[in-house]
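> Quick one: structure below, then a few questions.
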Amino acid sequence: MNLRHIIKQNHLELLFRQGHFGLEKESQRVHRDGSVVTSEHPKAFGKRSFHPYIQTDFAESQLELITPPNKKLEDTFRWLQTIHEVVLRTLPEDEFIFPMSMPAGLPPEKDIKVAQLENPEDVAYREHLVESYGAYKQMVSGIHYNFQLDSALIDALFHTQNEYQNAVEFQNNLYLKMAKNFLRYQWILLYLLSATPTAEANYFKAGSPLKPNQYVRSLRSSQYGYVNAPEIVVSFDSIPKYVETLEHWVNSGKLVAEKEFYSNVRLRGAKKAREFLHTGIQYLEFRLFDLNPFDPYGMNLHDAKFVHYFILLMIWLEETADQAGVELGKARLMEVAFEDPRRETAYRAEGEQILNALIDMLKDIGADESAVEIAQEKLSQFARPEQTLCARLVAAIEQAGGYQKLGAELAQRHKAQAFERFYALTAFDNMELSTQALMFDAIQKGLEMEILDENDQFLRLQFGEHFEYVKNGNMTSRDSYISPLIMENKVVTKKVLEKAGFNVPKSLEFTGIEQAVASYGLFEGRPVVIKPKSTNYGLGITIFQQGVHDREDFAKAVEIAFREDKEIMVEDYLSGTEYRFFVLGDQTLAVLLRVPANVVGDGVHTVSELVAAKNNHPLRGDGSRTPLKKIALGDIERLQLKEQGFTVDSIPAEGQIVQLRANSNISTGGDSIDMTDEMHPSYKALAVGITKAMGAAVCGVDLIIPDLKKPAEPNLQSWGVIEANFNPMMMMHIFPYQGKSRRLTQNVINMLFPELPS
C-alpha cells in the first residue's frame, strides 16, 4: 500500500500534518548544588493517586510532569511551561529541578526511597526494579513524546485502500509501520538531540566505562542507561507476534510486567498488549529523548516540531522495516550513542539521505517554509557535529568546570526564570490574572482542567465524576442568574440594599447630559460622586470630595460618566475610608484598603514624570495581567489635579501627596493594602449580609467606614454601602501592594469541590 500516493491523490495532506500531542517529562528534585534530594514528594501537590499533571516516576525525588493531549504542539508546550511554573513556584526555596537526564550528586542507594504510591503493587514494582537494575539506573530521566494520528486521516486512508478489510487491523499496521521505521532510524534523532555525554563516577557500579575526558552522545540510550537485557527481543512484525513475544518474556519471569519492556517506542491505548488485537493501537509513545538542559522544560518547540515531521516521515517512506531492520536500528543506536559528539557519525550518509527525504516530504505535503527550514538546519548538523545539542553541552560542561556544576547553574537559572512574573502563568498571559491564579491552584491540587474558551476566560474543572464550570475566576453555578444583573445596575443595587435595611447614600438618576447639567444647582457646593449606572472597575467615576464649585467641571464629569452608560447617578459623597470586602458564602475572606492613585512629590520632578516613574514598578501594567495598574493621566485625573491646584506639569514639594483619583479602584491605578485582620468583625458580617441580599455566592462589597476599629452602627455616620460587585478582582488580595496575601482562588476551589482532599 502506497500511503504517500493515497494521501496526495485524495488531498489528505492537511489531515496528515495534524494529530494529537502530549509530553511526559521526568526530572530529579535537587538541592542548590545539584545533588538529589531525599525528601518526600511535596504534599502541596495533592495526592498522586488522582493527579493528572504532577506525578512521581521511580523515586520520591523524581518528578513526572504530564501535559494533557492537544491538537497543537504549541498548546502542549504552553501546558508544559505552565506545569513547570506551578512546580517551581511551589517547591521549597532551596529545591530545584535538575535539567540533565543523567543524575548527579546521587545519595547512597539505601537513601533513595522509591515512590510511596497508594497502590502497593506500584511500590512493589519499583522495588523489583531496584533488585533487577539497581536504584541508580532508575534515577535516569527523560522526556516521552506521545503522538496520535488524526482519526479522520486514519478513517479516510482506510476507505481509500483495498489491502485491509478490517479497520482495526489497518490502524494497527499503520502505527506499526511508524513504530518499526522509527526504531530503524531512531539513531538520527539521537545524533541530533542527545544530551547525556557523561555522568558522575558513582553512577556506575563497577566504575566509569568512560576514559578521562571522554564524552559520548547518549549514556542514557547506551547499555549503561535504562535498557532491558539484550536477550529481551519483542517482535514488531505484527500485533499477534508482538503480543506473543511480549507475553512470553513476562510468563518466563524475565519481565515482571509488560510495562518493563523499555522499547523506545511503546504501543499505547490498552492496559494489556492482547487488547490491541481487538481495540487497536490508539497512539505511540516515543521514549528516546534526553532532556535538553538548555531549555527550561527539557525540550523546545523547535525540536518538538522536527520530531513530529520525522515521525510522519516514518509512514511516508515507501519501505517498512522488518524485525531484522528493527534490530539493526537498535544496534546502530547503541553504536552512535557511544560516538564522540564532537565528531561526525559513522552513518552520516544515511542520516543525510533520510533528512533529504524528510525535506522532500514536507514540500510535497505543503508544509510551511519554517518546517523546511527546521529540517534543513538539522541536515546541516551532519556536516557540522559541533552544532548538535550534545556537542554544545560538552563545551558548556567544560566551561562550567563540571557536569553537576553546570546542572546546578542551569537549574537555578530556570527557577529564577519561573519567578520573573511570579503572579502570572506566562504561557496564558492573555487571560486575566484571577483566571490564571485559579488555573495555577487547580493544576497544583490536581483538578483536571479544560480551557473551553480562552478569550472568554471559561474553564471546566473536574475531580472524579464531579465537574464545574468557572468564568473569570469566580463566576460559578453557585450564583443565581439574577445576582450579576442586579449588581451591574447601580440604581437597582441601591434600591435592593435600601429595602433590605442597609445604609446607602442618597442619589439622583439622569438619562441625558443636558438634564444632568441643568440640575447643577442641586449639587453646587456639596461633595458628590458622579458615576455611570452600570459599570465595574471604577470606569467613568468622578468624585468631588471638597464639593463641586465649577459648573464646567460638573458638566465634564457628567460627560465622562455618560461615555460609559446611557444613564448616570449623582450621589452624596460619604466621608470616611473605602474598603473592599471579598465575600464567599458565609465568610468575608479578605478586606482591602485601596488607596486612590497618587504620587509623592520630590521637589524636582513634575507630576507627569512622577507618574511615569511609579508606572515602572514591575507589578504595574494593564491591571488585568498585572496585580496593579499603571496610572493614567486622562480627563478624570486632570480634573482631580485641578481641584488640588495642580496640572500635569506642576512640581510638587518633597513629600507632598498628590491625588490623581478620588475613587480607590486598583483598576484606575490605586494601591492595595490588606486590612483583613484589622477590620472589626461587625463590618465583615455586614458584607456577608449584603452579599446574601444580592443573591450571590461571591461578591465584592465596597463600604465607606470612618473608623474600622469601632463596631458598626445603623446610620450613615458609621458606615455606608458604595457598591456590590459581581466577579470581584482576586489578584489584588492575592498580591497586595502591602500586607498579607489571601489566596482566594483556593477558597473558590474548595467551595466548588469540598470533597477534594486537603
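Lettering and numbering for the C-alpha cells are positional, with chains as A, B, ... in the shown order, residues counted from 1 in each chain, and ligands counted from 1 in the shown order.
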Do a neighbour search on Ala557 of chain A at 10 Å with only C-alpha atoms, toss out local chain neighbours closer than 5 positions, and write the hits as a list in words.
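Everything that qualifies: Val517, Val529, Ile530, Lys531, Gly540, Ile541, Thr542, Ile543, Phe544, Arg551, Glu552, Phe562, Asp635, Ile636 and Leu639 of chain A.
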> Any chance you could export the current selection's N, CA and C atoms as a compact mmCIF listing (two decimals), in the first residue's frame?

# COMPACT_ATOMS: atom_id res chain seq x y z
N VAL A 517 -26.80 68.32 33.68
CA VAL A 517 -26.10 69.59 33.85
C VAL A 517 -27.07 70.67 34.33
N VAL A 529 -20.53 62.22 44.18
CA VAL A 529 -19.91 61.22 43.31
C VAL A 529 -20.77 61.12 42.06
N ILE A 530 -20.15 61.23 40.89
CA ILE A 530 -20.85 61.12 39.61
C ILE A 530 -20.36 59.85 38.94
N LYS A 531 -21.29 58.93 38.64
CA LYS A 531 -20.85 57.65 38.10
C LYS A 531 -21.91 57.05 37.18
N GLY A 540 -15.41 55.72 34.54
CA GLY A 540 -16.34 56.82 34.39
C GLY A 540 -16.73 57.51 35.68
N ILE A 541 -16.05 57.23 36.78
CA ILE A 541 -16.43 57.80 38.08
C ILE A 541 -15.59 59.05 38.37
N THR A 542 -16.27 60.13 38.78
CA THR A 542 -15.59 61.34 39.24
C THR A 542 -16.11 61.67 40.64
N ILE A 543 -15.20 62.00 41.54
CA ILE A 543 -15.57 62.31 42.92
C ILE A 543 -15.10 63.72 43.27
N PHE A 544 -16.03 64.56 43.74
CA PHE A 544 -15.70 65.90 44.21
C PHE A 544 -15.75 65.89 45.74
N ARG A 551 -19.33 74.83 37.42
CA ARG A 551 -20.34 74.19 36.56
C ARG A 551 -19.67 73.42 35.40
N GLU A 552 -18.59 73.99 34.84
CA GLU A 552 -17.91 73.32 33.73
C GLU A 552 -17.29 72.00 34.17
N PHE A 562 -21.30 59.57 31.15
CA PHE A 562 -22.16 59.14 30.05
C PHE A 562 -21.39 58.40 28.95
N ASP A 635 -8.74 62.57 31.47
CA ASP A 635 -9.61 63.70 31.86
C ASP A 635 -9.92 63.70 33.36
N ILE A 636 -10.23 62.51 33.91
CA ILE A 636 -10.59 62.45 35.33
C ILE A 636 -9.40 62.84 36.19
N LEU A 639 -8.92 66.57 36.13
CA LEU A 639 -9.90 67.24 36.98
C LEU A 639 -9.50 67.16 38.45
> Pick out the residues sitting within 9 Å of segment 252-262 of chain A, and hand them over as a PyMOL selection string; count only C-alpha atoms, and ignore anything fewer than 4 positions along from it in its own chain.
chain A and resi 125+128-129+226-228+232+234+246-248+266+272-273+287
> Using all heavy atoms, can you write the selected residues to a file as a short mmCIF file (atom, residue, chain, number, x, y, z; two decimals), in the first residue's frame?

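Once everything was written out, this is again-v4.cif:
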data_model
loop_
_atom_site.label_atom_id
_atom_site.label_comp_id
_atom_site.auth_asym_id
_atom_site.auth_seq_id
_atom_site.Cartn_x
_atom_site.Cartn_y
_atom_site.Cartn_z
N TYR A 125 6.48 -2.99 42.35
CA TYR A 125 7.10 -2.98 41.03
C TYR A 125 8.40 -2.18 41.06
O TYR A 125 9.42 -2.61 40.51
CB TYR A 125 6.14 -2.38 40.01
CG TYR A 125 6.74 -2.17 38.64
CD1 TYR A 125 7.12 -3.26 37.86
CD2 TYR A 125 6.95 -0.89 38.13
CE1 TYR A 125 7.69 -3.07 36.60
CE2 TYR A 125 7.50 -0.69 36.88
CZ TYR A 125 7.87 -1.79 36.11
OH TYR A 125 8.42 -1.60 34.87
N HIS A 128 11.09 -4.11 42.75
CA HIS A 128 11.61 -5.12 41.82
C HIS A 128 12.67 -4.51 40.89
O HIS A 128 13.70 -5.13 40.60
CB HIS A 128 10.47 -5.72 40.99
CG HIS A 128 10.92 -6.35 39.71
ND1 HIS A 128 11.53 -7.59 39.65
CD2 HIS A 128 10.87 -5.89 38.42
CE1 HIS A 128 11.82 -7.87 38.39
NE2 HIS A 128 11.43 -6.85 37.63
N LEU A 129 12.40 -3.28 40.41
CA LEU A 129 13.35 -2.62 39.52
C LEU A 129 14.68 -2.37 40.22
O LEU A 129 15.74 -2.47 39.60
CB LEU A 129 12.76 -1.30 39.02
CG LEU A 129 11.49 -1.40 38.16
CD1 LEU A 129 11.01 -0.01 37.77
CD2 LEU A 129 11.73 -2.24 36.93
N TYR A 226 18.87 3.09 30.74
CA TYR A 226 17.70 2.37 31.23
C TYR A 226 17.19 1.45 30.13
O TYR A 226 16.25 1.77 29.41
CB TYR A 226 16.64 3.40 31.62
CG TYR A 226 15.61 2.92 32.60
CD1 TYR A 226 15.67 1.64 33.17
CD2 TYR A 226 14.55 3.73 32.96
CE1 TYR A 226 14.71 1.23 34.08
CE2 TYR A 226 13.59 3.32 33.87
CZ TYR A 226 13.68 2.05 34.41
OH TYR A 226 12.72 1.63 35.30
N VAL A 227 17.85 0.30 29.95
CA VAL A 227 17.52 -0.62 28.86
C VAL A 227 17.37 -2.04 29.42
O VAL A 227 17.90 -2.38 30.47
CB VAL A 227 18.62 -0.61 27.77
CG1 VAL A 227 18.65 0.73 27.06
CG2 VAL A 227 19.99 -0.93 28.35
N ASN A 228 16.61 -2.85 28.67
CA ASN A 228 16.45 -4.26 29.03
C ASN A 228 17.70 -5.04 28.71
O ASN A 228 18.58 -4.59 27.97
CB ASN A 228 15.26 -4.87 28.28
CG ASN A 228 13.94 -4.22 28.63
OD1 ASN A 228 13.25 -3.66 27.78
ND2 ASN A 228 13.55 -4.28 29.89
N ILE A 232 16.15 -9.79 25.66
CA ILE A 232 14.73 -9.44 25.58
C ILE A 232 14.45 -8.86 24.20
O ILE A 232 14.72 -7.69 23.93
CB ILE A 232 14.32 -8.44 26.67
CG1 ILE A 232 14.71 -8.93 28.06
CG2 ILE A 232 12.83 -8.13 26.59
CD1 ILE A 232 14.00 -10.19 28.48
N VAL A 234 11.41 -8.41 21.43
CA VAL A 234 9.97 -8.46 21.17
C VAL A 234 9.75 -8.13 19.70
O VAL A 234 10.28 -7.14 19.19
CB VAL A 234 9.21 -7.46 22.06
CG1 VAL A 234 7.73 -7.42 21.69
CG2 VAL A 234 9.36 -7.86 23.53
N LEU A 246 5.94 -10.63 23.69
CA LEU A 246 5.94 -9.85 24.93
C LEU A 246 5.40 -10.70 26.08
O LEU A 246 5.98 -10.72 27.18
CB LEU A 246 5.10 -8.58 24.76
CG LEU A 246 5.02 -7.64 25.98
CD1 LEU A 246 6.41 -7.22 26.45
CD2 LEU A 246 4.19 -6.40 25.64
N GLU A 247 4.31 -11.42 25.86
CA GLU A 247 3.75 -12.28 26.90
C GLU A 247 4.72 -13.40 27.26
O GLU A 247 4.78 -13.83 28.43
CB GLU A 247 2.41 -12.85 26.44
CG GLU A 247 1.30 -11.81 26.40
CD GLU A 247 -0.03 -12.38 25.98
OE1 GLU A 247 -0.05 -13.50 25.41
OE2 GLU A 247 -1.07 -11.73 26.20
N HIS A 248 5.50 -13.86 26.28
CA HIS A 248 6.49 -14.91 26.57
C HIS A 248 7.50 -14.44 27.62
O HIS A 248 7.80 -15.17 28.57
CB HIS A 248 7.23 -15.29 25.27
CG HIS A 248 8.51 -16.02 25.52
ND1 HIS A 248 8.56 -17.33 25.92
CD2 HIS A 248 9.82 -15.59 25.45
CE1 HIS A 248 9.84 -17.70 26.09
NE2 HIS A 248 10.61 -16.66 25.80
N ARG A 266 6.60 2.73 22.47
CA ARG A 266 5.59 1.91 23.15
C ARG A 266 4.26 2.06 22.43
O ARG A 266 3.86 3.18 22.09
CB ARG A 266 5.43 2.34 24.60
CG ARG A 266 6.33 1.58 25.56
CD ARG A 266 5.99 1.92 26.99
NE ARG A 266 6.79 1.15 27.94
CZ ARG A 266 6.90 1.44 29.23
NH1 ARG A 266 6.25 2.48 29.72
NH2 ARG A 266 7.64 0.69 30.03
N LYS A 272 -3.35 -4.01 28.49
CA LYS A 272 -2.61 -5.22 28.14
C LYS A 272 -2.44 -5.28 26.63
O LYS A 272 -3.35 -4.93 25.87
CB LYS A 272 -3.35 -6.47 28.62
CG LYS A 272 -3.45 -6.59 30.14
CD LYS A 272 -2.11 -6.98 30.75
CE LYS A 272 -2.24 -7.25 32.23
NZ LYS A 272 -0.94 -7.63 32.84
N ALA A 273 -1.29 -5.77 26.18
CA ALA A 273 -1.00 -5.80 24.75
C ALA A 273 -2.04 -6.61 23.97
O ALA A 273 -2.38 -6.26 22.84
CB ALA A 273 0.39 -6.39 24.53
N ARG A 287 10.10 7.23 23.47
CA ARG A 287 10.79 7.37 24.76
C ARG A 287 12.29 7.62 24.61
O ARG A 287 13.05 7.47 25.56
CB ARG A 287 10.56 6.10 25.58
CG ARG A 287 9.09 5.80 25.84
CD ARG A 287 8.85 4.34 26.22
NE ARG A 287 9.69 3.89 27.31
CZ ARG A 287 9.40 4.04 28.60
NH1 ARG A 287 8.27 4.64 28.95
NH2 ARG A 287 10.21 3.60 29.53
#
> Could you pull the residues within 10 Å of Asn146 of chain A, counting only C-alpha atoms, minus those fewer than 5 positions along the same chain, as a list of chain:residue names?
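Near neighbours after the sequence-gap exclusion: A:His20, A:Phe21, A:Gly22, A:Leu23, A:Glu24, A:Thr67, A:Pro69, A:Val265, A:Arg266, A:Arg268, A:Tyr283, A:Leu284, A:Glu285, A:Phe286, A:Arg287, A:His308.
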> Hey, what does DSSP flag as helix (DSSP H, G or I) within segment 421-585 of chain A? Can you give it to me as a PyMOL selection string?
chain A and resi 426-428+433-445+482-488+490-499+513-518+520-523+551-564
> Can you pull out every residue within 10 Å of segment 581-593 of chain A, counting only C-alpha atoms, but drop anything in the same chain fewer than 2 positions away, and send it as an NGL selection string?
:A and (474 or 478-479 or 577-579 or 595-596 or 664-665 or 670-679 or 681 or 683-692 or 696-703 or 724-725 or 728-730 or 732-734 or 736 or 738-744 or 747-748 or 751)
> Restricting the calculation to only C-alpha atoms: of A:Leu312, A:Leu174, A:Ala518, A:Ile66, which residue gets closest to Ala357 of chain A?
A:Leu312
> What's around segment 332-346 of chain A at 12 Å? Count only C-alpha atoms, leave out sequence neighbours fewer than 5 positions away in its own chain, and write the answer as an NGL selection string.
:A and (182-198 or 209-211 or 213-225 or 227 or 230 or 264 or 288 or 290 or 325-327 or 351-352 or 380-395)
> Using DSSP secondary structure from the backbone, list all strand (DSSP E or B) positions within segment 232-435 of chain A, as a list of chain:residue names.
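So the strand (DSSP E or B) residues in segment 232-435 of chain A would be A:Val265, A:Arg266, A:Leu267, A:Arg268, A:Tyr283, A:Leu284, A:Glu285, A:Phe286, A:Arg287, A:Leu288, A:Phe289, A:Asn292, A:Gly298.
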> One number please: atom CA of Asn166 of chain A to atom CA of Gln9 of chain A, in Å, one decimal.
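The value is 22.2 Å.
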> With distances taken over only C-alpha atoms, which residue among A:Asp441, A:Glu488, A:Glu448, A:Asp429 lies nearest Thr626 of chain A?
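Among the listed residues, A:Asp429 lies closest to Thr626 of chain A.
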> Could you check the closest approach to Trp79 of chain A for each of A:Asp295, A:Met449, A:Ser238, A:Ala400 and tell me which residue wins, using only C-alpha atoms?
A:Met449
> Which one of A:Leu459, A:Leu301, A:Ala437, A:Leu497 sits closest to Arg78 of chain A if you count only C-alpha atoms?
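Result for the nearest residue to Arg78 of chain A: A:Leu301.
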> Using only C-alpha atoms, determine which residues lie at most 7 Å from segment 31-45 of chain A, disregarding the query and same-chain residues fewer than 5 positions distant; provide the list as number ranges by chain.
A: 60-61, 94-96, 98, 104-107, 111-112, 404-405, 407-408, 444-445
